[in-house]
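Novice: Mind looking over this structure? Questions follow.
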Amino acid sequence: MLAELLREAETSVERRPSADIQLENRDDVIIQSRASKFFCGEQRTSSPFDDSSGNEAIGPAEVAILQSMVTGGHMLSFKAHFLSELPSLLPLSNTLTHLNVSFNCLQVFPKDICQLTQLKDLRLRNNPIREIPSAIRSLKSLQLLSIPFNLLTDLPQGLFELYSLEELDVSHNSLQWISRDIQQLCNLKRLNVQCNQLSGLPVTTLNIQLQQLLVDSNYFHQLLWKENTHNSPQMLSDMCCTVLAKHSTVSAIEEYPQDIQALLNNPTGTCDYCQGAMYGCGLRAIRSINNNNNNNSRHLPFILQLCSAPCLYTVMNNEQLKWKDDHVIIH
């Protein structure tokens with residue numbers, strides 16, 4: 001019986017066309033089917049992701065997308081593919097949760113990433129990206145953003161609207177400051193800002209219950225605090241608005257000329273010491289602040305925004321400063 005089966009197999013092989021035998025012996029052929037919608041030997045007749053025609057070779061990035069789609073479309077890695085741009089990610093826009101684009105040549109943050117509404121883990125290590133678009137705010141489910149060893153000089157406002165973010169790594173960039181809006185990341189547990197050009201952290205960082213804070217290799221030494229807090233003279237209009245806002249009642253303000261009222265009704269922020277309205281750029285101070293709720297913050301420099309010279313004088317001449325109820329108090 002076995003001998004008959006062997007003879008039948010040999011006969012069927014002999015009857016095959018020679019072209020088929022040659023096709024099987026080729027190591028570089030992935031799909032051996034004669035009828036294929038997208039592939040024809042080594043070349044493809046059309047992209048599996050759009051209807052455009054062409055004879056381009058299938059790239060490793062597209063193979064990675066196909067593999068991800070086959071396995072459910074939840075994870076995708078382009079790590080060390082040396083890509084200058086990404087292929088279309090739209091087929092995975094509703095399923096992808098983990099994306100790794102580390103060690104590539106991306107100079108611009110890929111726009112398709114902002115359409116991955118289910119994304120939870122995004123890694124962009126070692127790319128020459130200079131800017132993150134504000135459209136990143138659309139990644140509402142993002143929990144981890146890792147973008148070290150890039151060329152970032154600023155973080156967009158949209159990043160601070162990622163309220164589910166738990167880990168942020170922006171180390172080894174060229175950041176010179178971080179917005180006070182970082183306090184909006186209420187679920188943030190781990191923050192890494194190592195190896196940047198920061199002279200201090202925004203004092204609102206103390207409102208976040210961080211479990212890990214990495215700040216090495218920045219301009220945080222106390223000898224640099226004075227150098228990094230040179231204040232320009234305040235504009236006379238800003239100083240007047242500060243005084244009027246502190247000492248005027250609501251009824252008195254309504255009697256002022258309309259142009260004065262317009263200035264008073266548009267402060268640029270709140271003083272970190274007196275909690276009064278701040279107009280213009282205010283005055284800047286770098287101080288160490290105690291915070292019982294965050295042991296990671298001890299002896300770190302925090303940047304304070306102050307409304308007037310008296311507030312600046314008080315803060316600079318008191319060593320025991322404490323952060324409480326969103327403002328600085330004398331401990």
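We label chains A, B, ... in the order they appear in the structure tokens, count residues from 1 in each chain, and number ligands from 1 in the order shown.
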Do you know which residues are at most 7 Å from range 119-133 of chain A counting only C-alpha atoms, after dropping those on the same chain fewer than 2 positions away, and could you put them as number ranges by chain?

Specialist: A: 96-109, 116-117, 135-136, 139, 141-153, 155-156

Novice: For range 266-268 of chain A, work out the shell of residues within 12 Å, counting only C-alpha atoms and skipping chain neighbours fewer than 6 positions away, then give it as a list of chain:residue names.

Specialist: A:Ser237, A:Asp238, A:Met239, A:Cys241, A:Thr242, A:Ala245, A:Asp259, A:Ile260, A:Gly276, A:Ala277, A:Met278, A:Tyr279, A:Gly280, A:Cys281, A:Gly282, A:Gln305, A:Leu306, A:Cys307

Novice: Next, dump the selected residues to file, keeping only all heavy atoms, as a tab-separated table (two decimals), in the first residue's frame.

Specialist:
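Result file selection32.tsv:
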```tsv
chain	number	residue	atom	x	y	z
A	237	SER	N	1.94	99.67	32.21
A	237	SER	CA	0.52	99.31	32.15
A	237	SER	C	0.25	98.03	32.94
A	237	SER	O	-0.77	97.91	33.63
A	237	SER	CB	0.09	99.13	30.69
A	237	SER	OG	0.86	98.12	30.05
A	238	ASP	N	1.19	97.06	32.88
A	238	ASP	CA	1.02	95.82	33.63
A	238	ASP	C	1.11	96.07	35.14
A	238	ASP	O	0.34	95.50	35.92
A	238	ASP	CB	2.08	94.80	33.21
A	238	ASP	CG	1.93	94.37	31.76
A	238	ASP	OD1	0.81	94.45	31.24
A	238	ASP	OD2	2.94	93.95	31.15
A	239	MET	N	2.03	96.94	35.53
A	239	MET	CA	2.17	97.26	36.96
A	239	MET	C	0.92	97.97	37.48
A	239	MET	O	0.44	97.68	38.58
A	239	MET	CB	3.41	98.12	37.17
A	239	MET	CG	4.71	97.42	36.82
A	239	MET	SD	6.15	98.52	36.87
A	239	MET	CE	6.20	98.95	38.60
A	241	CYS	N	-2.13	97.73	36.28
A	241	CYS	CA	-3.23	96.76	36.34
A	241	CYS	C	-3.11	95.88	37.58
A	241	CYS	O	-4.12	95.54	38.22
A	241	CYS	CB	-3.24	95.90	35.08
A	241	CYS	SG	-3.83	96.75	33.60
A	242	THR	N	-1.89	95.50	37.93
A	242	THR	CA	-1.69	94.67	39.12
A	242	THR	C	-2.15	95.40	40.38
A	242	THR	O	-2.85	94.83	41.23
A	242	THR	CB	-0.20	94.29	39.25
A	242	THR	OG1	0.20	93.57	38.08
A	242	THR	CG2	0.02	93.41	40.47
A	245	ALA	N	-6.01	95.84	40.32
A	245	ALA	CA	-6.72	94.58	40.56
A	245	ALA	C	-6.68	94.19	42.03
A	245	ALA	O	-7.62	93.58	42.55
A	245	ALA	CB	-6.10	93.47	39.70
A	259	ASP	N	-10.99	100.95	28.04
A	259	ASP	CA	-9.71	100.34	27.70
A	259	ASP	C	-9.00	99.80	28.94
A	259	ASP	O	-8.34	98.75	28.90
A	259	ASP	CB	-8.82	101.33	26.96
A	259	ASP	CG	-8.64	102.64	27.73
A	259	ASP	OD1	-9.42	102.88	28.67
A	259	ASP	OD2	-7.72	103.40	27.39
A	260	ILE	N	-9.16	100.48	30.08
A	260	ILE	CA	-8.59	99.98	31.33
A	260	ILE	C	-9.33	98.72	31.79
A	260	ILE	O	-8.72	97.74	32.24
A	260	ILE	CB	-8.64	101.06	32.43
A	260	ILE	CG1	-7.87	102.30	31.99
A	260	ILE	CG2	-8.09	100.52	33.74
A	260	ILE	CD1	-6.40	102.07	31.76
A	276	GLY	N	-2.91	86.49	43.25
A	276	GLY	CA	-3.57	87.59	42.57
A	276	GLY	C	-3.41	87.49	41.07
A	276	GLY	O	-2.62	86.68	40.55
A	277	ALA	N	-4.14	88.33	40.36
A	277	ALA	CA	-4.05	88.33	38.90
A	277	ALA	C	-2.68	88.84	38.45
A	277	ALA	O	-2.12	89.76	39.05
A	277	ALA	CB	-5.16	89.20	38.32
A	278	MET	N	-2.14	88.21	37.42
A	278	MET	CA	-0.85	88.61	36.87
A	278	MET	C	-1.06	89.15	35.47
A	278	MET	O	-1.82	88.58	34.68
A	278	MET	CB	0.11	87.41	36.85
A	278	MET	CG	1.52	87.76	36.42
A	278	MET	SD	2.63	86.33	36.54
A	278	MET	CE	1.97	85.31	35.22
A	279	TYR	N	-0.38	90.25	35.16
A	279	TYR	CA	-0.52	90.89	33.85
A	279	TYR	C	0.84	90.93	33.17
A	279	TYR	O	1.87	91.15	33.81
A	279	TYR	CB	-1.09	92.30	34.01
A	279	TYR	CG	-2.49	92.31	34.60
A	279	TYR	CD1	-2.68	92.36	35.97
A	279	TYR	CD2	-3.60	92.21	33.77
A	279	TYR	CE1	-3.96	92.34	36.51
A	279	TYR	CE2	-4.88	92.19	34.30
A	279	TYR	CZ	-5.06	92.26	35.67
A	279	TYR	OH	-6.32	92.23	36.20
A	280	GLY	N	0.82	90.70	31.87
A	280	GLY	CA	2.08	90.65	31.14
A	280	GLY	C	2.85	89.38	31.47
A	280	GLY	O	2.28	88.35	31.86
A	281	CYS	N	4.17	89.45	31.34
A	281	CYS	CA	5.01	88.28	31.61
A	281	CYS	C	5.24	88.05	33.09
A	281	CYS	O	5.68	86.97	33.49
A	281	CYS	CB	6.36	88.45	30.90
A	281	CYS	SG	6.23	88.53	29.11
A	282	GLY	N	4.98	89.07	33.91
A	282	GLY	CA	5.23	88.93	35.34
A	282	GLY	C	6.72	88.85	35.63
A	282	GLY	O	7.56	89.25	34.82
A	305	GLN	N	6.04	82.00	38.87
A	305	GLN	CA	5.61	83.20	38.15
A	305	GLN	C	4.94	84.13	39.16
A	305	GLN	O	3.96	83.75	39.81
A	305	GLN	CB	4.63	82.83	37.03
A	305	GLN	CG	5.25	82.00	35.92
A	305	GLN	CD	6.27	82.77	35.10
A	305	GLN	OE1	6.27	84.00	35.10
A	305	GLN	NE2	7.16	82.06	34.43
A	306	LEU	N	5.48	85.34	39.30
A	306	LEU	CA	5.03	86.27	40.32
A	306	LEU	C	4.53	87.55	39.68
A	306	LEU	O	5.01	87.97	38.62
A	306	LEU	CB	6.17	86.57	41.29
A	306	LEU	CG	6.80	85.31	41.91
A	306	LEU	CD1	8.10	85.64	42.61
A	306	LEU	CD2	5.82	84.64	42.86
A	307	CYS	N	3.56	88.19	40.34
A	307	CYS	CA	2.87	89.32	39.72
A	307	CYS	C	3.57	90.65	39.91
A	307	CYS	O	3.39	91.57	39.11
A	307	CYS	CB	1.44	89.41	40.26
A	307	CYS	SG	1.35	89.79	42.04
```

Novice: Between CA of Leu304 in chain A and CA of Asp181 in chain A, what is the distance in Å, rounded to a tenth?

Specialist: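 It comes out at 13.5 Å.
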
Novice: Record the distance separating CA of Trp225 in chain A and CA of Asn192 in chain A, expressed in Å with one decimal.

Specialist: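 About the pair CA of Trp225 in chain A and CA of Asn192 in chain A: they are 21.1 Å apart.
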
Novice: So which residues touch Asn196 in chain A within 12 Å, counting only C-alpha atoms, skipping near sequence neighbours fewer than 4 positions away, as a PyMOL selection string?

Specialist: chain A and resi 148-154+169-178+192+200-201+214-220

Novice: Could you tell me how far CA of Thr204 in chain A lies from CA of Ile289 in chain A, in Å and to one decimal?

Specialist: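 One can read the CA of Thr204 in chain A to CA of Ile289 in chain A distance as 11.4 Å.
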
Novice: Taking into account only C-alpha atoms, which residue in the set A:Ile330, A:Leu159, A:Ile65, A:Met235 is nearest to Leu86 in chain A?

Specialist: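 For Leu86 in chain A, the nearest of the given residues is A:Ile65.
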